[in-house]
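Reviewing the structure listed below.
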Amino acid sequence: MTPPGLEVRRARPADAGPVTRLLEVIYSEQLYFVGDAPAAASSLAARIAADDPDQSLYLVAADGREVAGWLELHRSPAWRLKHVAVLTLAVAPAYRRRGVGRALMRRSYEWCRRVGVLKVSLNVRAGNAAAIALYGSEGFVLEGRERAQVRLRPGRDEFEDNLIMAKWLGDAPPGG
């Protein structure tokens, strides 16, 4: 269910600026993503414009002109991995814990089924308890832990684990 007042839809190139501003806020928090900064809005706009709808999915949750959330799913071009899509999810601070992330994920499952994705995989920092709880409530399970994968401060020996979680769509996976 989409939170009242929000629309979940496919992203358009014109969304690149607001999405990049959202990502800049999240990167500045230094708690969730592992990179230093988002790509330029022009780069994101070009990716959205050139999107192959069978390979990638870009969704926004928008409240009018404001972007409340962003989701990306990407499949590998390798046929052996085409059944897996890697998820990136971002929710603006003012919209967290209001169902935005869940609405984006649930909308993405439709695309997964349509293009033949059977497994959605993601990386999440071990300290991101809210995201881990959300993913768990959506049926994602822990598949692995990369110890001390994320450096917390430049030049300091402080690290955080990276968790690999995944959700199998449909029937249980073979051998699982």
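Note on naming: chains are A, B, ... as they come in the structure tokens, residues start from 1 per chain, ligands start from 1 in the order shown.
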Extract the full set of helix (DSSP H, G or I) residues from stretch 19-138 of chain A according to DSSP on the backbone, and format it as JSON, numbers by chain.
{"A": [19, 20, 21, 22, 23, 24, 25, 26, 27, 28, 29, 41, 42, 43, 44, 45, 46, 47, 48, 49, 79, 80, 81, 93, 94, 95, 100, 101, 102, 103, 104, 105, 106, 107, 108, 109, 110, 111, 112, 113, 114, 115, 129, 130, 131, 132, 133, 134, 135, 136, 137]}
List every residue of chain A that DSSP, applied to the backbone of this structure, places in strand (DSSP E), and write the result as number ranges by chain.
A: 7-10, 56-63, 66-75, 84-91, 119-125, 141-151, 159-168
Select from stretch 51-105 of chain A every residue with an atom at most 10 Å from any atom of stretch 21-35 of chain A, then for each give the shortest pair of atoms and their distance in Å to one decimal, using only C-alpha atoms, rows by chain and rising number, as a Markdown table.
```
| residue | atom | partner | partner_atom | distance |
| --- | --- | --- | --- | --- |
| A:Glu66 | CA | A:Leu22 | CA | 9.3 |
| A:Val67 | CA | A:Leu22 | CA | 7.1 |
| A:Ala68 | CA | A:Leu22 | CA | 7.9 |
| A:Gly69 | CA | A:Leu22 | CA | 7.9 |
| A:Trp70 | CA | A:Leu22 | CA | 8.4 |
| A:Thr88 | CA | A:Phe33 | CA | 9.6 |
| A:Leu89 | CA | A:Phe33 | CA | 9.9 |
| A:Ala90 | CA | A:Leu23 | CA | 7.2 |
| A:Val91 | CA | A:Leu22 | CA | 7.9 |
| A:Ala92 | CA | A:Leu22 | CA | 6.2 |
| A:Pro93 | CA | A:Ile26 | CA | 7.9 |
```
Cut-off 10 Å: closest stretch 67-145 of chain A/stretch 37-54 of chain A atom pairs per residue, using only C-alpha atoms, as a Markdown table:
```
| residue | atom | partner | partner_atom | distance |
| --- | --- | --- | --- | --- |
| A:His74 | CA | A:Asp54 | CA | 9.2 |
| A:Arg75 | CA | A:Asp54 | CA | 8.4 |
| A:Trp111 | CA | A:Asp54 | CA | 8.5 |
| A:Cys112 | CA | A:Asp54 | CA | 9.1 |
| A:Arg114 | CA | A:Asp54 | CA | 8.6 |
| A:Val115 | CA | A:Asp54 | CA | 5.9 |
| A:Gly116 | CA | A:Asp54 | CA | 9.0 |
| A:Val117 | CA | A:Asp54 | CA | 9.8 |
```
Residues from last step as file, N, CA and C atoms, as a PDB file, in the first residue's frame:
```pdb
ATOM      1  N   HIS A  74      18.928  -3.753 -10.698  1.00  0.00           N
ATOM      2  CA  HIS A  74      19.739  -4.023 -11.888  1.00  0.00           C
ATOM      3  C   HIS A  74      20.022  -5.509 -11.995  1.00  0.00           C
ATOM      4  N   ARG A  75      19.872  -6.024 -13.215  1.00  0.00           N
ATOM      5  CA  ARG A  75      20.212  -7.411 -13.519  1.00  0.00           C
ATOM      6  C   ARG A  75      21.557  -7.450 -14.218  1.00  0.00           C
ATOM      7  N   TRP A 111       7.761  -5.899 -11.444  1.00  0.00           N
ATOM      8  CA  TRP A 111       8.743  -5.873 -12.533  1.00  0.00           C
ATOM      9  C   TRP A 111       9.576  -7.148 -12.499  1.00  0.00           C
ATOM     10  N   CYS A 112      10.007  -7.548 -11.307  1.00  0.00           N
ATOM     11  CA  CYS A 112      10.823  -8.763 -11.180  1.00  0.00           C
ATOM     12  C   CYS A 112      10.111  -9.958 -11.805  1.00  0.00           C
ATOM     13  N   ARG A 114       7.738  -9.963 -13.999  1.00  0.00           N
ATOM     14  CA  ARG A 114       7.524  -9.769 -15.445  1.00  0.00           C
ATOM     15  C   ARG A 114       8.772 -10.110 -16.257  1.00  0.00           C
ATOM     16  N   VAL A 115       9.970  -9.752 -15.727  1.00  0.00           N
ATOM     17  CA  VAL A 115      11.198  -9.963 -16.506  1.00  0.00           C
ATOM     18  C   VAL A 115      11.923 -11.252 -16.139  1.00  0.00           C
ATOM     19  N   GLY A 116      11.419 -12.007 -15.177  1.00  0.00           N
ATOM     20  CA  GLY A 116      12.029 -13.286 -14.833  1.00  0.00           C
ATOM     21  C   GLY A 116      13.051 -13.241 -13.713  1.00  0.00           C
ATOM     22  N   VAL A 117      13.045 -12.182 -12.917  1.00  0.00           N
ATOM     23  CA  VAL A 117      13.925 -12.131 -11.748  1.00  0.00           C
ATOM     24  C   VAL A 117      13.317 -13.028 -10.671  1.00  0.00           C
TER      25      VAL A 117
END
```
Pick out the residues sitting within 9 Å of stretch 150-156 of chain A, and hand them over as a PyMOL selection string; count only C-alpha atoms, and ignore anything fewer than 2 positions along from it in its own chain.
chain A and resi 30-31+34+125+146-148+158-162
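With only C-alpha atoms as the atoms that count, the residue of A:Leu122, A:Arg97, A:Ala11, A:Ala16 with the shortest distance to A:Ser56 is A:Ala11.
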Just the residues within 12 Å of A:Ala62, please, counting only C-alpha atoms, with nothing from its chain fewer than 2 positions along; format it as a JSON list (two decimals) with C-alpha atoms, in the first residue's frame.
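Saved as out.json:
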```
[["chain", "number", "residue", "atom", "x", "y", "z"],
["A", 2, "THR", "CA", 1.37, 3.40, -0.98],
["A", 3, "PRO", "CA", 1.34, 6.02, 1.80],
["A", 4, "PRO", "CA", -1.35, 8.71, 1.31],
["A", 5, "GLY", "CA", -0.28, 11.60, -0.90],
["A", 6, "LEU", "CA", 2.56, 9.64, -2.54],
["A", 7, "GLU", "CA", 2.76, 8.26, -6.04],
["A", 8, "VAL", "CA", 5.10, 5.37, -6.81],
["A", 9, "ARG", "CA", 6.05, 5.40, -10.49],
["A", 10, "ARG", "CA", 8.85, 4.74, -12.95],
["A", 11, "ALA", "CA", 11.49, 7.43, -12.83],
["A", 12, "ARG", "CA", 11.85, 9.89, -15.68],
["A", 15, "ASP", "CA", 13.54, 13.18, -11.76],
["A", 18, "PRO", "CA", 15.48, 15.74, -7.16],
["A", 19, "VAL", "CA", 16.76, 12.15, -6.78],
["A", 22, "LEU", "CA", 17.85, 13.14, -2.00],
["A", 59, "LEU", "CA", 11.27, 3.95, -9.35],
["A", 60, "VAL", "CA", 10.48, 7.11, -7.40],
["A", 64, "GLY", "CA", 4.08, 16.26, -5.85],
["A", 65, "ARG", "CA", 7.48, 17.56, -6.97],
["A", 66, "GLU", "CA", 9.34, 16.27, -3.90],
["A", 67, "VAL", "CA", 11.03, 12.87, -4.13],
["A", 68, "ALA", "CA", 10.39, 10.89, -0.95],
["A", 69, "GLY", "CA", 12.11, 7.70, -2.07],
["A", 70, "TRP", "CA", 14.19, 6.06, -4.78],
["A", 71, "LEU", "CA", 14.67, 2.45, -5.86],
["A", 91, "VAL", "CA", 14.21, 7.16, 1.56],
["A", 92, "ALA", "CA", 14.32, 10.84, 2.50],
["A", 95, "TYR", "CA", 9.57, 10.07, 5.01],
["A", 100, "VAL", "CA", 7.78, 4.57, 1.48],
["A", 101, "GLY", "CA", 10.53, 1.94, 1.25],
["A", 103, "ALA", "CA", 5.80, 0.65, -1.18],
["A", 104, "LEU", "CA", 8.77, 0.98, -3.54]]
```
Figure out the distance between atom CA of A:Glu72 and atom CA of A:Leu87, please, to one decimal in Å.
5.7 Å
